[in-house]
Amino acid sequence: MMASHERVLSTAKCIQLLRIVVCLATALNINILTRSLQYPTHQEDGSDGRYPGASFVVAPHIALNGCVFVGTAILLRYPGGWNHTTRLPFVTMASMAGLFAALFPLLAIADHGGCSSGYYEKVVGICESQLFSGWSNLTWVVALFWEGIVSHKEQQHSVEVDIDIAYAPLGK
């Protein structure tokens, strides 16, 4: 029984650590994305044309990272607050949305030859912000997905322990 208790404690610490990583990565990503808004996106000659490469969408990424940050902060504050049937869909949807939000800018940057290419000549700051944001997104996606797997396995182990206790012969 002692080994099971130690396993639960080490798993709980792992889950908390993964949640902290998710919170830090989303907070960093929100910071990067809001700073990318300061860079000019339109040409200074008075025309309405945007610079090539300035077409990154920022607002949905900030909203997604904000939702994941708040959800993970709630899970950090109240570790048992969400039951498994609530947490699993949150983790799955957030991981999938984060994966797409990370991959599209990274693929667009790679498709045009990186931030040092001529395509991003006038918007290098925006390009680098999107590059860092994409990698930060991938960090929290992996951490959140791993947290979901560890939490799911811990919930299954908890159910198995409950069943063992419920069906254990009396007097043992």
# chains A, B, ... in the order shown; residues from 1 in each chain; ligands from 1
call {"tool": "residues_around", "arguments": {"residues": "Gly66 in chain A", "least_positions_apart": "6", "cutoff": "9 Å", "atoms": "only C-alpha atoms", "output": "number ranges by chain"}}
result
A: 26-27, 30
call {"tool": "write_last_selection", "arguments": {"atoms": "N, CA and C atoms", "output": "mmCIF file, in the first residue's frame"}}
result
data_model
loop_
_atom_site.group_PDB
_atom_site.id
_atom_site.type_symbol
_atom_site.label_atom_id
_atom_site.label_comp_id
_atom_site.auth_asym_id
_atom_site.auth_seq_id
_atom_site.Cartn_x
_atom_site.Cartn_y
_atom_site.Cartn_z
ATOM 1 N N THR A 26 2.204 29.377 -22.001
ATOM 2 C CA THR A 26 1.107 30.198 -22.531
ATOM 3 C C THR A 26 1.295 31.661 -22.156
ATOM 4 N N ALA A 27 1.779 31.933 -20.939
ATOM 5 C CA ALA A 27 2.032 33.323 -20.547
ATOM 6 C C ALA A 27 3.125 33.933 -21.426
ATOM 7 N N ILE A 30 1.567 34.620 -24.856
ATOM 8 C CA ILE A 30 0.721 35.821 -24.846
ATOM 9 C C ILE A 30 1.602 37.067 -24.897
#
call {"tool": "residues_around", "arguments": {"residues": "Ser95 in chain A", "least_positions_apart": "4", "cutoff": "7 Å", "atoms": "only C-alpha atoms", "output": "VMD selection string"}}
result
chain A and resid 91 99 141 144 to 145
call {"tool": "residues_around", "arguments": {"residues": "range 126-132 of chain A", "least_positions_apart": "2", "cutoff": "6 Å", "atoms": "only C-alpha atoms", "output": "PyMOL selection string"}}
result
chain A and resi 36+115+123-124+134-135
call {"tool": "write_last_selection", "arguments": {"atoms": "C-alpha atoms", "output": "PDB file, in the first residue's frame"}}
result
ATOM      1  CA  SER A  36       4.323  41.471 -32.098  1.00  0.00           C
ATOM      2  CA  CYS A 115      12.624  35.081 -41.405  1.00  0.00           C
ATOM      3  CA  VAL A 123       8.532  42.546 -41.155  1.00  0.00           C
ATOM      4  CA  VAL A 124      11.415  40.604 -39.611  1.00  0.00           C
ATOM      5  CA  GLY A 134       4.975  28.794 -32.713  1.00  0.00           C
ATOM      6  CA  TRP A 135       7.705  27.044 -30.736  1.00  0.00           C
TER       7      TRP A 135
END
call {"tool": "closest_residue", "arguments": {"among": "A:Ala108, A:Leu76, A:Leu33, A:Ile62", "to": "Ile15 in chain A", "atoms": "only C-alpha atoms"}}
result
A:Leu76
call {"tool": "atom_distance", "arguments": {"atom1": "CA of Asn65 in chain A", "atom2": "CA of Gln16 in chain A"}}
result
18.5 Å
call {"tool": "atom_distance", "arguments": {"atom1": "CA of Phe104 in chain A", "atom2": "CA of Val21 in chain A"}}
result
22.5 Å
call {"tool": "closest_residue", "arguments": {"among": "A:Asn83, A:Pro105, A:Trp146, A:His61", "to": "Ile32 in chain A", "atoms": "only C-alpha atoms"}}
result
A:His61
call {"tool": "residues_around", "arguments": {"residues": "Phe90 in chain A", "least_positions_apart": "4", "cutoff": "12 Å", "atoms": "only C-alpha atoms", "output": "list in words"}}
result
Leu64, Cys67, Val68, Phe69, Val70, Gly71, Thr72, Leu75, Trp82, Asn83, His84, Thr85, Thr86, Ala94, Ser95, Met96, Ala97, Gly98, Leu144, Phe145, Glu147 and Gly148 of chain A
call {"tool": "write_last_selection", "arguments": {"atoms": "N, CA and C atoms", "output": "compact mmCIF listing (two decimals), in the first residue's frame"}}
result
# COMPACT_ATOMS: atom_id res chain seq x y z
N LEU A 64 -6.73 31.90 -27.68
CA LEU A 64 -6.49 30.48 -27.40
C LEU A 64 -5.53 30.32 -26.23
N CYS A 67 -7.25 31.26 -22.95
CA CYS A 67 -8.15 30.21 -22.46
C CYS A 67 -7.38 29.05 -21.84
N VAL A 68 -6.31 28.63 -22.49
CA VAL A 68 -5.50 27.53 -21.95
C VAL A 68 -4.83 27.95 -20.65
N PHE A 69 -4.35 29.20 -20.60
CA PHE A 69 -3.73 29.69 -19.37
C PHE A 69 -4.72 29.69 -18.22
N VAL A 70 -5.91 30.22 -18.44
CA VAL A 70 -6.92 30.27 -17.38
C VAL A 70 -7.33 28.86 -16.95
N GLY A 71 -7.58 27.98 -17.92
CA GLY A 71 -7.97 26.60 -17.58
C GLY A 71 -6.90 25.88 -16.80
N THR A 72 -5.65 26.04 -17.19
CA THR A 72 -4.56 25.38 -16.49
C THR A 72 -4.31 26.01 -15.13
N LEU A 75 -6.76 24.52 -12.83
CA LEU A 75 -6.34 23.16 -12.46
C LEU A 75 -5.17 23.19 -11.48
N TRP A 82 -11.69 19.64 -11.54
CA TRP A 82 -12.36 19.14 -12.74
C TRP A 82 -12.25 17.63 -12.74
N ASN A 83 -13.38 16.99 -12.91
CA ASN A 83 -13.32 15.53 -13.00
C ASN A 83 -12.77 15.12 -14.37
N HIS A 84 -12.54 13.86 -14.52
CA HIS A 84 -11.89 13.35 -15.73
C HIS A 84 -12.71 13.63 -16.98
N THR A 85 -14.02 13.55 -16.89
CA THR A 85 -14.87 13.75 -18.07
C THR A 85 -14.88 15.21 -18.51
N THR A 86 -14.54 16.13 -17.63
CA THR A 86 -14.45 17.54 -18.00
C THR A 86 -13.05 17.87 -18.51
N ALA A 94 -7.89 21.71 -26.61
CA ALA A 94 -6.84 22.73 -26.52
C ALA A 94 -5.56 22.25 -27.20
N SER A 95 -5.24 20.98 -27.05
CA SER A 95 -4.03 20.44 -27.71
C SER A 95 -4.15 20.50 -29.23
N MET A 96 -5.30 20.12 -29.74
CA MET A 96 -5.50 20.14 -31.20
C MET A 96 -5.47 21.58 -31.73
N ALA A 97 -6.17 22.49 -31.06
CA ALA A 97 -6.18 23.88 -31.50
C ALA A 97 -4.79 24.49 -31.40
N GLY A 98 -4.08 24.19 -30.32
CA GLY A 98 -2.72 24.70 -30.16
C GLY A 98 -1.77 24.15 -31.20
N LEU A 144 0.77 19.91 -22.29
CA LEU A 144 -0.64 19.70 -21.97
C LEU A 144 -1.10 18.30 -22.39
N PHE A 145 -0.66 17.86 -23.54
CA PHE A 145 -1.02 16.52 -24.00
C PHE A 145 -0.45 15.46 -23.04
N GLU A 147 0.30 15.93 -19.91
CA GLU A 147 -0.47 16.04 -18.66
C GLU A 147 -1.78 15.29 -18.78
N GLY A 148 -2.42 15.37 -19.93
CA GLY A 148 -3.67 14.64 -20.14
C GLY A 148 -3.47 13.14 -20.06
call {"tool": "atom_distance", "arguments": {"atom1": "CA of Thr139 in chain A", "atom2": "CA of Leu18 in chain A"}}
result
10.5 Å
